[in-house]
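To be precise, the following lines are structure.cif, and they hold mmCIF, C-alpha atoms.
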data_upload
#
loop_
_atom_site.group_PDB
_atom_site.id
_atom_site.type_symbol
_atom_site.label_atom_id
_atom_site.label_comp_id
_atom_site.auth_asym_id
_atom_site.auth_seq_id
_atom_site.Cartn_x
_atom_site.Cartn_y
_atom_site.Cartn_z
ATOM 1 C CA MET S 29 -71.855 -118.734 229.711
ATOM 2 C CA LYS S 30 -72.441 -115.510 231.643
ATOM 3 C CA LYS S 31 -69.937 -112.705 231.597
ATOM 4 C CA PHE S 32 -68.780 -111.394 234.972
ATOM 5 C CA LYS S 33 -68.110 -107.702 235.621
ATOM 6 C CA LEU S 34 -65.509 -107.044 238.323
ATOM 7 C CA LEU S 35 -65.220 -103.910 240.470
ATOM 8 C CA THR S 36 -62.500 -103.578 243.098
ATOM 9 C CA VAL S 37 -63.003 -101.612 246.294
ATOM 10 C CA ALA S 38 -60.459 -101.122 249.092
ATOM 11 C CA VAL S 39 -61.819 -101.901 252.551
ATOM 12 C CA ALA S 40 -59.296 -101.525 255.401
ATOM 13 C CA ALA S 41 -56.555 -104.060 254.639
ATOM 14 C CA ALA S 42 -58.932 -106.266 252.706
ATOM 15 C CA ILE S 43 -60.046 -106.304 249.104
ATOM 16 C CA ALA S 44 -63.683 -106.250 248.050
ATOM 17 C CA VAL S 45 -64.761 -107.532 244.684
ATOM 18 C CA GLN S 46 -68.162 -106.809 243.180
ATOM 19 C CA VAL S 47 -69.177 -109.480 240.746
ATOM 20 C CA GLY S 48 -72.214 -110.607 238.861
ATOM 21 C CA ALA S 49 -72.897 -114.253 239.632
ATOM 22 C CA MET S 50 -74.615 -117.203 238.069
ATOM 23 C CA CYS S 51 -77.620 -118.784 239.766
ATOM 24 C CA LEU S 52 -76.863 -122.409 240.462
ATOM 25 C CA PHE S 53 -80.212 -123.247 241.995
ATOM 26 C CA ALA S 54 -83.182 -123.661 239.666
ATOM 27 C CA GLY S 55 -85.516 -122.215 242.295
ATOM 28 C CA CYS S 56 -83.858 -118.798 242.693
ATOM 29 C CA LYS S 57 -86.533 -116.078 242.466
ATOM 30 C CA GLY S 58 -86.887 -112.433 243.239
ATOM 31 C CA GLY S 59 -89.255 -109.500 242.859
ATOM 32 C CA ASN S 60 -92.431 -111.565 243.315
ATOM 33 C CA GLY S 61 -92.793 -111.327 247.057
ATOM 34 C CA GLU S 62 -91.196 -114.664 247.844
ATOM 35 C CA GLU S 63 -88.378 -114.757 250.348
ATOM 36 C CA LYS S 64 -85.063 -115.228 248.598
ATOM 37 C CA PRO S 65 -82.643 -117.895 249.833
ATOM 38 C CA SER S 66 -79.622 -116.742 251.771
ATOM 39 C CA LEU S 67 -76.457 -116.145 249.808
ATOM 40 C CA THR S 68 -73.826 -118.853 249.737
ATOM 41 C CA PHE S 69 -70.800 -119.232 247.534
ATOM 42 C CA GLU S 70 -67.752 -121.381 247.048
ATOM 43 C CA ILE S 71 -64.229 -120.698 245.840
ATOM 44 C CA ALA S 72 -61.915 -123.405 244.589
ATOM 45 C CA ASP S 73 -58.296 -123.449 245.721
ATOM 46 C CA VAL S 74 -56.097 -121.283 243.517
ATOM 47 C CA THR S 75 -52.581 -121.987 242.281
ATOM 48 C CA ALA S 76 -50.316 -118.988 241.724
ATOM 49 C CA TRP S 77 -46.733 -118.895 240.484
ATOM 50 C CA ILE S 78 -43.920 -116.676 241.737
ATOM 51 C CA ASP S 79 -42.797 -114.069 239.177
ATOM 52 C CA TYR S 80 -45.727 -115.035 236.957
ATOM 53 C CA PRO S 81 -48.915 -113.080 236.236
ATOM 54 C CA ALA S 82 -51.462 -113.052 239.049
ATOM 55 C CA SER S 83 -54.055 -115.818 239.223
ATOM 56 C CA GLU S 84 -57.759 -115.056 239.256
ATOM 57 C CA ILE S 85 -60.167 -115.773 242.132
ATOM 58 C CA SER S 86 -63.551 -116.899 240.800
ATOM 59 C CA PRO S 87 -66.385 -117.152 243.373
ATOM 60 C CA VAL S 88 -69.438 -119.177 242.329
ATOM 61 C CA PHE S 89 -72.643 -117.942 243.973
ATOM 62 C CA ASN S 90 -76.014 -119.612 244.469
ATOM 63 C CA LEU S 91 -77.884 -116.364 243.718
ATOM 64 C CA GLU S 92 -77.931 -114.031 240.757
ATOM 65 C CA GLY S 93 -77.190 -110.374 241.217
ATOM 66 C CA GLU S 94 -74.357 -108.183 242.425
ATOM 67 C CA HIS S 95 -72.430 -109.428 245.453
ATOM 68 C CA THR S 96 -69.444 -107.881 247.208
ATOM 69 C CA VAL S 97 -66.809 -110.301 248.481
ATOM 70 C CA THR S 98 -64.187 -109.201 250.986
ATOM 71 C CA TYR S 99 -60.924 -111.163 251.019
ATOM 72 C CA THR S 100 -58.490 -111.165 253.952
ATOM 73 C CA THR S 101 -55.335 -113.126 254.703
ATOM 74 C CA ASN S 102 -52.695 -113.195 257.409
ATOM 75 C CA SER S 103 -50.091 -114.616 255.041
ATOM 76 C CA ASP S 104 -47.107 -112.780 253.617
ATOM 77 C CA LYS S 105 -46.795 -115.358 250.847
ATOM 78 C CA ILE S 106 -49.407 -113.649 248.685
ATOM 79 C CA ARG S 107 -50.784 -110.281 247.657
ATOM 80 C CA ILE S 108 -54.454 -109.833 246.779
ATOM 81 C CA ASP S 109 -55.483 -107.089 244.368
ATOM 82 C CA GLY S 110 -59.147 -107.088 243.458
ATOM 83 C CA ASN S 111 -59.998 -110.600 242.345
ATOM 84 C CA LYS S 112 -56.380 -111.526 241.605
ATOM 85 C CA VAL S 113 -53.732 -113.090 243.793
ATOM 86 C CA THR S 114 -49.982 -112.842 243.288
ATOM 87 C CA ALA S 115 -47.571 -115.416 244.706
ATOM 88 C CA LEU S 116 -44.675 -113.886 246.654
ATOM 89 C CA ALA S 117 -43.124 -116.968 248.266
ATOM 90 C CA GLU S 118 -43.477 -120.740 248.070
ATOM 91 C CA GLY S 119 -46.012 -122.483 250.265
ATOM 92 C CA GLU S 120 -49.721 -122.246 251.015
ATOM 93 C CA ALA S 121 -51.813 -119.339 252.231
ATOM 94 C CA ILE S 122 -55.345 -119.366 253.598
ATOM 95 C CA VAL S 123 -57.670 -116.666 252.327
ATOM 96 C CA PHE S 124 -60.912 -115.827 254.116
ATOM 97 C CA ALA S 125 -63.858 -114.612 252.056
ATOM 98 C CA GLU S 126 -67.043 -112.929 253.300
ATOM 99 C CA ALA S 127 -70.134 -111.640 251.540
ATOM 100 C CA GLU S 128 -73.525 -110.701 252.994
ATOM 101 C CA GLY S 129 -72.875 -112.574 256.221
ATOM 102 C CA TYR S 130 -71.676 -115.778 254.557
ATOM 103 C CA GLU S 131 -68.076 -116.813 255.158
ATOM 104 C CA THR S 132 -65.803 -119.382 253.589
ATOM 105 C CA ASP S 133 -62.106 -119.866 252.968
ATOM 106 C CA PHE S 134 -59.827 -121.326 250.346
ATOM 107 C CA ASN S 135 -56.149 -122.010 249.863
ATOM 108 C CA VAL S 136 -53.676 -120.362 247.545
ATOM 109 C CA ILE S 137 -50.848 -122.698 246.572
ATOM 110 C CA CYS S 138 -47.738 -120.732 245.672
ATOM 111 C CA LYS S 139 -45.189 -122.387 243.419
ATOM 112 C CA THR S 140 -42.042 -121.555 241.522
ATOM 113 C CA VAL S 141 -41.470 -122.118 237.821
ATOM 114 C CA ASN S 142 -38.092 -123.625 236.935
ATOM 115 C CA PRO S 143 -37.151 -122.866 233.310
ATOM 116 C CA GLY S 144 -34.586 -125.663 233.551
ATOM 117 C CA ASP S 145 -37.225 -128.305 234.253
ATOM 118 C CA SER S 146 -37.102 -131.216 231.812
ATOM 119 C CA LYS S 147 -40.650 -130.493 230.623
ATOM 120 C CA TYR S 148 -39.381 -127.297 229.007
ATOM 121 C CA TYR S 149 -37.686 -128.793 225.984
ATOM 122 C CA MET S 150 -37.530 -127.774 222.338
ATOM 123 C CA ARG S 151 -37.768 -130.695 219.944
ATOM 124 C CA GLY S 152 -35.634 -130.425 216.818
ATOM 125 C CA GLU S 153 -34.690 -133.044 214.231
ATOM 126 C CA GLY S 154 -37.822 -133.810 212.210
ATOM 127 C CA TRP S 155 -40.028 -131.694 214.493
ATOM 128 C CA ASP S 156 -38.241 -128.352 214.185
ATOM 129 C CA TRP S 157 -40.490 -126.576 216.682
ATOM 130 C CA ALA S 158 -38.368 -123.449 217.056
ATOM 131 C CA ASN S 159 -38.194 -122.709 213.331
ATOM 132 C CA LYS S 160 -41.885 -123.469 212.869
ATOM 133 C CA ALA S 161 -42.682 -120.979 215.620
ATOM 134 C CA ILE S 162 -40.480 -118.357 213.957
ATOM 135 C CA SER S 163 -42.247 -119.000 210.633
ATOM 136 C CA GLY S 164 -45.650 -118.754 212.316
ATOM 137 C CA ARG S 165 -44.770 -115.439 213.935
ATOM 138 C CA ALA S 166 -43.533 -114.121 210.587
ATOM 139 C CA LYS S 167 -46.857 -115.159 209.022
ATOM 140 C CA TYR S 168 -48.757 -113.305 211.730
ATOM 141 C CA ASP S 169 -46.615 -110.211 211.201
ATOM 142 C CA ARG S 170 -47.296 -110.342 207.442
ATOM 143 C CA GLU S 171 -50.970 -111.270 207.448
ATOM 144 C CA GLY S 172 -52.337 -110.672 210.926
ATOM 145 C CA THR S 173 -53.792 -107.557 212.476
ATOM 146 C CA ASP S 174 -53.839 -106.942 216.213
ATOM 147 C CA GLY S 175 -57.404 -106.694 217.502
ATOM 148 C CA LYS S 176 -58.865 -108.258 214.344
ATOM 149 C CA THR S 177 -57.227 -111.568 213.412
ATOM 150 C CA THR S 178 -58.273 -114.931 214.876
ATOM 151 C CA VAL S 179 -55.320 -117.256 215.515
ATOM 152 C CA PHE S 180 -55.436 -121.037 216.006
ATOM 153 C CA ILE S 181 -52.458 -122.270 218.035
ATOM 154 C CA GLY S 182 -51.372 -125.285 220.040
ATOM 155 C CA ASP S 183 -50.592 -128.839 219.018
ATOM 156 C CA SER S 184 -51.275 -130.878 215.876
ATOM 157 C CA PHE S 185 -55.048 -130.457 216.177
ATOM 158 C CA ASN S 186 -54.410 -126.843 215.111
ATOM 159 C CA ASP S 187 -51.477 -127.649 212.792
ATOM 160 C CA ILE S 188 -52.214 -127.032 209.100
ATOM 161 C CA ASP S 189 -50.664 -130.431 208.265
ATOM 162 C CA PHE S 190 -53.578 -132.041 210.126
ATOM 163 C CA PHE S 191 -56.198 -129.278 209.994
ATOM 164 C CA SER S 192 -55.740 -129.193 206.210
ATOM 165 C CA SER S 193 -59.324 -128.002 205.693
ATOM 166 C CA PHE S 194 -58.689 -124.848 207.749
ATOM 167 C CA TYR S 195 -58.574 -122.366 204.888
ATOM 168 C CA SER S 196 -61.651 -123.947 203.341
ATOM 169 C CA PHE S 197 -63.650 -123.443 206.526
ATOM 170 C CA TYR S 198 -62.260 -119.922 206.945
ATOM 171 C CA ARG S 199 -62.059 -118.849 203.317
ATOM 172 C CA ASP S 200 -61.885 -115.051 203.010
ATOM 173 C CA LYS S 201 -61.731 -114.790 206.794
ATOM 174 C CA ASP S 202 -59.058 -113.078 208.852
ATOM 175 C CA ALA S 203 -57.861 -116.295 210.477
ATOM 176 C CA LEU S 204 -54.478 -118.028 210.710
ATOM 177 C CA CYS S 205 -53.639 -121.660 211.548
ATOM 178 C CA LEU S 206 -50.337 -121.628 213.460
ATOM 179 C CA GLY S 207 -50.376 -124.786 215.599
ATOM 180 C CA ILE S 208 -47.282 -127.010 215.799
ATOM 181 C CA GLY S 209 -47.557 -130.789 215.958
ATOM 182 C CA GLY S 210 -46.232 -132.463 219.100
ATOM 183 C CA THR S 211 -46.123 -129.346 221.263
ATOM 184 C CA THR S 212 -47.387 -129.131 224.829
ATOM 185 C CA SER S 213 -48.648 -126.308 227.018
ATOM 186 C CA ASN S 214 -45.085 -126.006 228.299
ATOM 187 C CA THR S 215 -43.803 -125.454 224.762
ATOM 188 C CA TRP S 216 -46.201 -122.559 224.314
ATOM 189 C CA GLU S 217 -45.064 -121.025 227.591
ATOM 190 C CA MET S 218 -41.606 -121.021 226.007
ATOM 191 C CA PHE S 219 -43.003 -119.288 222.922
ATOM 192 C CA LEU S 220 -44.644 -116.608 225.088
ATOM 193 C CA ASP S 221 -42.066 -115.750 227.756
ATOM 194 C CA GLU S 222 -38.404 -114.871 227.396
ATOM 195 C CA ARG S 223 -37.313 -116.524 230.649
ATOM 196 C CA PHE S 224 -37.095 -119.846 228.804
ATOM 197 C CA GLY S 225 -34.401 -118.660 226.422
ATOM 198 C CA TYR S 226 -36.165 -119.085 223.091
ATOM 199 C CA GLY S 227 -36.827 -115.456 222.321
ATOM 200 C CA ALA S 228 -40.506 -115.478 223.325
ATOM 201 C CA VAL S 229 -41.393 -115.797 219.637
ATOM 202 C CA TYR S 230 -45.090 -115.015 220.051
ATOM 203 C CA GLU S 231 -44.799 -112.344 222.706
ATOM 204 C CA GLY S 232 -46.412 -109.104 221.611
ATOM 205 C CA ILE S 233 -49.148 -110.390 219.325
ATOM 206 C CA GLN S 234 -52.633 -109.166 220.244
ATOM 207 C CA PRO S 235 -55.160 -111.042 218.094
ATOM 208 C CA LYS S 236 -58.916 -110.680 218.503
ATOM 209 C CA ASN S 237 -59.371 -114.396 219.302
ATOM 210 C CA VAL S 238 -57.008 -117.262 220.103
ATOM 211 C CA VAL S 239 -58.224 -120.836 219.690
ATOM 212 C CA VAL S 240 -56.106 -123.226 221.758
ATOM 213 C CA GLN S 241 -55.699 -126.997 221.474
ATOM 214 C CA LEU S 242 -53.253 -128.182 224.140
ATOM 215 C CA GLY S 243 -52.965 -130.947 226.711
ATOM 216 C CA ASN S 244 -52.996 -134.046 224.531
ATOM 217 C CA ASN S 245 -49.223 -134.286 224.304
ATOM 218 C CA ASN S 246 -48.814 -133.330 227.967
ATOM 219 C CA ILE S 247 -50.360 -136.611 229.031
ATOM 220 C CA TYR S 248 -49.819 -138.965 226.081
ATOM 221 C CA ASN S 249 -46.261 -138.011 225.107
ATOM 222 C CA ASP S 250 -44.802 -136.518 228.295
ATOM 223 C CA GLN S 251 -46.822 -138.797 230.600
ATOM 224 C CA SER S 252 -47.854 -135.937 232.882
ATOM 225 C CA SER S 253 -50.041 -136.855 235.820
ATOM 226 C CA TYR S 254 -53.495 -135.400 236.328
ATOM 227 C CA THR S 255 -52.175 -132.803 238.784
ATOM 228 C CA GLU S 256 -49.217 -131.864 236.588
ATOM 229 C CA ALA S 257 -51.311 -131.547 233.431
ATOM 230 C CA VAL S 258 -54.018 -129.411 235.042
ATOM 231 C CA GLU S 259 -51.503 -127.112 236.694
ATOM 232 C CA ASP S 260 -49.453 -126.742 233.502
ATOM 233 C CA LEU S 261 -52.530 -125.983 231.392
ATOM 234 C CA GLN S 262 -53.856 -123.448 233.882
ATOM 235 C CA ARG S 263 -50.476 -121.738 234.093
ATOM 236 C CA CYS S 264 -50.202 -121.559 230.292
ATOM 237 C CA LEU S 265 -53.655 -119.982 229.931
ATOM 238 C CA THR S 266 -52.926 -117.560 232.775
ATOM 239 C CA LEU S 267 -49.711 -116.484 231.062
ATOM 240 C CA MET S 268 -51.427 -116.257 227.683
ATOM 241 C CA HIS S 269 -54.133 -113.984 229.086
ATOM 242 C CA ALA S 270 -51.549 -111.731 230.719
ATOM 243 C CA LYS S 271 -49.625 -111.448 227.452
ATOM 244 C CA MET S 272 -52.818 -110.839 225.433
ATOM 245 C CA PRO S 273 -55.174 -109.076 227.879
ATOM 246 C CA ASP S 274 -57.749 -107.994 225.295
ATOM 247 C CA THR S 275 -57.789 -111.291 223.387
ATOM 248 C CA LYS S 276 -60.638 -113.771 223.895
ATOM 249 C CA ILE S 277 -59.309 -117.296 224.419
ATOM 250 C CA TYR S 278 -61.235 -120.392 223.353
ATOM 251 C CA TYR S 279 -59.736 -123.494 224.922
ATOM 252 C CA PHE S 280 -60.685 -126.978 223.677
ATOM 253 C CA GLY S 281 -60.520 -129.808 226.176
ATOM 254 C CA VAL S 282 -58.217 -132.748 225.535
ATOM 255 C CA THR S 283 -59.444 -135.142 222.832
ATOM 256 C CA PRO S 284 -58.553 -138.709 223.882
ATOM 257 C CA ARG S 285 -56.595 -140.988 221.593
ATOM 258 C CA ILE S 286 -58.899 -143.892 220.887
ATOM 259 C CA TYR S 287 -56.191 -146.564 220.872
ATOM 260 C CA ILE S 288 -55.394 -146.032 224.580
ATOM 261 C CA GLU S 289 -58.704 -146.622 226.340
ATOM 262 C CA SER S 290 -57.077 -146.546 229.765
ATOM 263 C CA MET S 291 -56.393 -142.818 229.333
ATOM 264 C CA ALA S 292 -60.020 -141.907 228.683
ATOM 265 C CA THR S 293 -60.770 -141.428 232.384
ATOM 266 C CA LEU S 294 -57.739 -139.193 232.813
ATOM 267 C CA THR S 295 -58.764 -136.949 229.922
ATOM 268 C CA LYS S 296 -62.273 -136.637 231.356
ATOM 269 C CA ARG S 297 -60.890 -135.624 234.751
ATOM 270 C CA ILE S 298 -58.588 -133.058 233.185
ATOM 271 C CA ASN S 299 -61.382 -131.625 231.056
ATOM 272 C CA LYS S 300 -63.666 -131.371 234.078
ATOM 273 C CA ALA S 301 -60.989 -129.489 236.021
ATOM 274 C CA MET S 302 -60.264 -127.173 233.105
ATOM 275 C CA GLY S 303 -63.964 -126.496 232.647
ATOM 276 C CA LYS S 304 -64.168 -125.371 236.264
ATOM 277 C CA PHE S 305 -61.041 -123.259 235.849
ATOM 278 C CA CYS S 306 -62.534 -121.441 232.860
ATOM 279 C CA GLU S 307 -65.961 -121.024 234.466
ATOM 280 C CA ASN S 308 -66.877 -117.434 235.363
ATOM 281 C CA LYS S 309 -63.802 -115.984 233.640
ATOM 282 C CA ASP S 310 -64.869 -113.591 230.922
ATOM 283 C CA TRP S 311 -61.598 -113.907 228.980
ATOM 284 C CA VAL S 312 -61.701 -117.654 228.324
ATOM 285 C CA THR S 313 -64.330 -120.095 227.080
ATOM 286 C CA PHE S 314 -63.971 -123.845 227.576
ATOM 287 C CA LEU S 315 -65.154 -126.167 224.806
ATOM 288 C CA ASP S 316 -65.432 -129.954 225.063
ATOM 289 C CA CYS S 317 -66.457 -131.814 221.911
ATOM 290 C CA ASN S 318 -65.693 -135.330 223.114
ATOM 291 C CA ASP S 319 -69.371 -136.290 223.244
ATOM 292 C CA THR S 320 -69.689 -135.239 219.608
ATOM 293 C CA VAL S 321 -66.517 -136.704 218.117
ATOM 294 C CA THR S 322 -66.993 -140.378 217.169
ATOM 295 C CA PRO S 323 -64.420 -143.022 216.184
ATOM 296 C CA GLU S 324 -65.566 -142.504 212.592
ATOM 297 C CA ASP S 325 -64.342 -138.890 212.780
ATOM 298 C CA ILE S 326 -60.803 -139.936 213.697
ATOM 299 C CA ARG S 327 -58.459 -140.998 210.931
ATOM 300 C CA ASP S 328 -55.335 -142.250 212.722
ATOM 301 C CA ASN S 329 -56.548 -142.965 216.254
ATOM 302 C CA ILE S 330 -55.619 -139.375 217.162
ATOM 303 C CA HIS S 331 -56.541 -136.685 214.613
ATOM 304 C CA LEU S 332 -59.803 -135.812 212.939
ATOM 305 C CA TYR S 333 -60.463 -136.207 209.247
ATOM 306 C CA PRO S 334 -60.347 -132.796 207.555
ATOM 307 C CA ALA S 335 -64.125 -132.765 207.057
ATOM 308 C CA SER S 336 -64.729 -133.693 210.708
ATOM 309 C CA TYR S 337 -63.160 -130.423 211.826
ATOM 310 C CA GLN S 338 -66.631 -129.083 211.164
ATOM 311 C CA ILE S 339 -67.324 -130.257 214.743
ATOM 312 C CA PHE S 340 -64.789 -127.806 216.156
ATOM 313 C CA VAL S 341 -65.867 -125.008 213.822
ATOM 314 C CA ASP S 342 -69.502 -125.466 214.857
ATOM 315 C CA ALA S 343 -68.552 -125.442 218.541
ATOM 316 C CA LEU S 344 -66.739 -122.138 218.115
ATOM 317 C CA ASN S 345 -69.709 -120.653 216.262
ATOM 318 C CA GLU S 346 -72.085 -121.808 218.995
ATOM 319 C CA ALA S 347 -69.782 -120.253 221.606
ATOM 320 C CA GLY S 348 -70.200 -116.928 219.848
ATOM 321 C CA MET S 349 -66.745 -116.539 218.362
ATOM 322 C CA VAL S 350 -66.803 -114.004 215.538
ATOM 323 C CA VAL S 351 -64.148 -114.298 212.832
ATOM 324 C CA GLU S 352 -63.714 -111.094 210.896
ATOM 325 C CA ASP S 353 -63.603 -110.910 207.108
ATOM 326 C CA LYS S 354 -60.250 -110.194 205.516
#
Reformat the file's structure so that it appears as C-alpha cells.
Amino acid sequence: MKKFKLLTVAVAAAIAVQVGAMCLFAGCKGGNGEEKPSLTFEIADVTAWIDYPASEISPVFNLEGEHTVTYTTNSDKIRIDGNKVTALAEGEAIVFAEAEGYETDFNVICKTVNPGDSKYYMRGEGWDWANKAISGRAKYDREGTDGKTTVFIGDSFNDIDFFSSFYSFYRDKDALCLGIGGTTSNTWEMFLDERFGYGAVYEGIQPKNVVVQLGNNNIYNDQSSYTEAVEDLQRCLTLMHAKMPDTKIYYFGVTPRIYIESMATLTKRINKAMGKFCENKDWVTFLDCNDTVTPEDIRDNIHLYPASYQIFVDALNEAGMVVEDK
C-alpha cells in the first residue's frame, strides 16, 4: 500500500490538497516520449459526524505523481480544511473537486451521534466490560510506553482468553493483548470518548501500533445492518485516529462465523467497504485474512485455535508492522 503525503494550500475560498496518488491503470507511463493519459479521479461519498473529529477525503487517481485538488462547496453544513471535512449541521452537502481540468463531485453526509442510543451499552454480569477496560488501561500504564508499545484491542479475537498464544508469538516483545470479548466498535467509542459517561478509559494512550479486531459482534450479536455496521466502524476508526494521531492502526476485516452461512455475504460486503475506507490513508492499514482462514483453523465456529493465530501474526508482518523489543 502506498503512503500519501498531503499538503494544504489556500486558494480563494477553496482548499487545495496536494497528494501522491496510486496508478490504477496498468498502462500508465511517463518519461519515454509517450503521451500520458489525461488525469481522472474519483472520490467516494464521505460521512462526517457533528462534534466528532473531521473525516478524511481520499481521492483515487488514475495517474501516479503529484496532483493538486481544489475543493469548493456552497453548503454551510460543512467546513473543509485541507483534505478533511467537519460536519456542522445535519444533512447532506455537495462538494465539487477539480484537478488539472478534470472535475467531479461527491456528497458529505452529516450525522449526529446520540450517546443515549441503545447501541451504546455496557454489558455487566458475566461480561464485566467496564472493569476489564479499567484493568487493561492499568496494564498499559504499568507496562506500556507511548510511542513504543504495540496494543491489540477490540473483541474476543484480541482477548487473551481466546488469543491465549499471544505472549508466545510476542515473547520478549513490547506488545499487550487488551481485547474484550463481546465488545463492538460502539463499545470502544465509549472507551475512547468521555461523552458516553464511562470515563473514556483508554483516552490518552499513544501506542506505536494498535491492532483492531471489531465488527463481528456488531452484526452477529447486535444485528446491525450493512449500512449501520460500516458507518459505526468508520466512525470508531476516525475517532481512534484523532485520539492517537501518531499511532499506526491495523484493522482486520470481519471474520465470519462459519455456523451462519447466510451472513457470509454481509461480512464480505462490509470488508470490501472497509477496505475502500482504509485505502490511501497513511494512518490505517486494512487486513483481510478470510481467504486464508479455513474451517480447520476455527475451534468453536467463531474463534481461531491458538496456533492458527499465526495467520494474523503473519499478515501483520507482511503489512510491515514492527513490534519493538521490550
(request) Determine the nearest neighbour of S:Asp73 from the options S:Asn245, S:Thr215, S:Asn308, S:Thr132, counting all atoms listed in the file. (result)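 Comparing S:Asn245, S:Thr215, S:Asn308, S:Thr132 against S:Asp73, the winner is S:Thr132.
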(request) Go through S:Asp104, S:Asp174, S:Glu289, S:Glu217 one by one, measure the shortest atom-to-atom distance of each to S:Tyr149 using only C-alpha atoms, and give the residue with the smallest value. (result)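 Ranked by minimum distance to S:Tyr149, first place goes to S:Glu217.
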If you apply the PyMOL selection byres ((chain S and resi 228-235) around 9) to this file, what residues do you get, as an mmCIF file with C-alpha atoms, keeping the file's coordinate frame?
data_model
loop_
_atom_site.group_PDB
_atom_site.id
_atom_site.type_symbol
_atom_site.label_atom_id
_atom_site.label_comp_id
_atom_site.auth_asym_id
_atom_site.auth_seq_id
_atom_site.Cartn_x
_atom_site.Cartn_y
_atom_site.Cartn_z
ATOM 1 C CA ALA S 158 -38.368 -123.449 217.056
ATOM 2 C CA ALA S 161 -42.682 -120.979 215.620
ATOM 3 C CA ILE S 162 -40.480 -118.357 213.957
ATOM 4 C CA GLY S 164 -45.650 -118.754 212.316
ATOM 5 C CA ARG S 165 -44.770 -115.439 213.935
ATOM 6 C CA TYR S 168 -48.757 -113.305 211.730
ATOM 7 C CA ASP S 169 -46.615 -110.211 211.201
ATOM 8 C CA GLY S 172 -52.337 -110.672 210.926
ATOM 9 C CA THR S 173 -53.792 -107.557 212.476
ATOM 10 C CA ASP S 174 -53.839 -106.942 216.213
ATOM 11 C CA GLY S 175 -57.404 -106.694 217.502
ATOM 12 C CA LYS S 176 -58.865 -108.258 214.344
ATOM 13 C CA THR S 177 -57.227 -111.568 213.412
ATOM 14 C CA THR S 178 -58.273 -114.931 214.876
ATOM 15 C CA VAL S 179 -55.320 -117.256 215.515
ATOM 16 C CA TRP S 216 -46.201 -122.559 224.314
ATOM 17 C CA GLU S 217 -45.064 -121.025 227.591
ATOM 18 C CA MET S 218 -41.606 -121.021 226.007
ATOM 19 C CA PHE S 219 -43.003 -119.288 222.922
ATOM 20 C CA LEU S 220 -44.644 -116.608 225.088
ATOM 21 C CA ASP S 221 -42.066 -115.750 227.756
ATOM 22 C CA GLU S 222 -38.404 -114.871 227.396
ATOM 23 C CA ARG S 223 -37.313 -116.524 230.649
ATOM 24 C CA PHE S 224 -37.095 -119.846 228.804
ATOM 25 C CA GLY S 225 -34.401 -118.660 226.422
ATOM 26 C CA TYR S 226 -36.165 -119.085 223.091
ATOM 27 C CA GLY S 227 -36.827 -115.456 222.321
ATOM 28 C CA LYS S 236 -58.916 -110.680 218.503
ATOM 29 C CA ASN S 237 -59.371 -114.396 219.302
ATOM 30 C CA VAL S 238 -57.008 -117.262 220.103
ATOM 31 C CA LYS S 271 -49.625 -111.448 227.452
ATOM 32 C CA MET S 272 -52.818 -110.839 225.433
ATOM 33 C CA PRO S 273 -55.174 -109.076 227.879
ATOM 34 C CA ASP S 274 -57.749 -107.994 225.295
ATOM 35 C CA THR S 275 -57.789 -111.291 223.387
ATOM 36 C CA LYS S 276 -60.638 -113.771 223.895
#
Contact table stretch 129-237 of chain S vs stretch 254-263 of chain S, cut-off 12 Å, shortest pair per residue, only C-alpha atoms, as a Markdown table:
| residue | atom | partner | partner_atom | distance |
| --- | --- | --- | --- | --- |
| S:Ile137 | CA | S:Glu259 | CA | 10.8 |
| S:Cys138 | CA | S:Glu259 | CA | 11.6 |
| S:Lys139 | CA | S:Glu259 | CA | 10.4 |
| S:Thr140 | CA | S:Arg263 | CA | 11.2 |
| S:Val141 | CA | S:Arg263 | CA | 9.8 |
| S:Lys147 | CA | S:Asp260 | CA | 10.0 |
| S:Tyr148 | CA | S:Asp260 | CA | 11.0 |
| S:Gly182 | CA | S:Leu261 | CA | 11.4 |
| S:Thr212 | CA | S:Leu261 | CA | 8.9 |
| S:Ser213 | CA | S:Leu261 | CA | 5.9 |
| S:Asn214 | CA | S:Asp260 | CA | 6.8 |
| S:Thr215 | CA | S:Asp260 | CA | 10.5 |
| S:Trp216 | CA | S:Leu261 | CA | 10.1 |
| S:Glu217 | CA | S:Arg263 | CA | 8.5 |
| S:Leu220 | CA | S:Arg263 | CA | 11.9 |
(request) Carefully work through the PyMOL selection byres ((chain S and resi 242) around 9) for this structure and note down the residues it includes, as a PyMOL selection string. (result) chain S and resi 181-185+211-213+240-241+243-246+261+279-282
Written file, previous selection with C-alpha atoms, as a compact mmCIF listing (two decimals), in the frame of the given file:
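again_32.txt written:
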# COMPACT_ATOMS: atom_id res chain seq x y z
CA ILE S 181 -52.46 -122.27 218.04
CA GLY S 182 -51.37 -125.28 220.04
CA ASP S 183 -50.59 -128.84 219.02
CA SER S 184 -51.28 -130.88 215.88
CA PHE S 185 -55.05 -130.46 216.18
CA THR S 211 -46.12 -129.35 221.26
CA THR S 212 -47.39 -129.13 224.83
CA SER S 213 -48.65 -126.31 227.02
CA VAL S 240 -56.11 -123.23 221.76
CA GLN S 241 -55.70 -127.00 221.47
CA GLY S 243 -52.96 -130.95 226.71
CA ASN S 244 -53.00 -134.05 224.53
CA ASN S 245 -49.22 -134.29 224.30
CA ASN S 246 -48.81 -133.33 227.97
CA LEU S 261 -52.53 -125.98 231.39
CA TYR S 279 -59.74 -123.49 224.92
CA PHE S 280 -60.68 -126.98 223.68
CA GLY S 281 -60.52 -129.81 226.18
CA VAL S 282 -58.22 -132.75 225.54
(message) Can you measure atom CA of S:Tyr278 to atom CA of S:Phe69 for me? One decimal in Å is fine.
(response) 26.0 Å
(message) Under the rule that all atoms listed in the file are counted, which of S:Ser66, S:Asn135, S:Asn186, S:Ser86 is the nearest residue to S:Lys105?
(response) S:Asn135
(message) Quick check, in Å to one decimal: how far apart do atom CA of S:Ile106 and atom CA of S:Glu120 lie?
(response) 8.9 Å
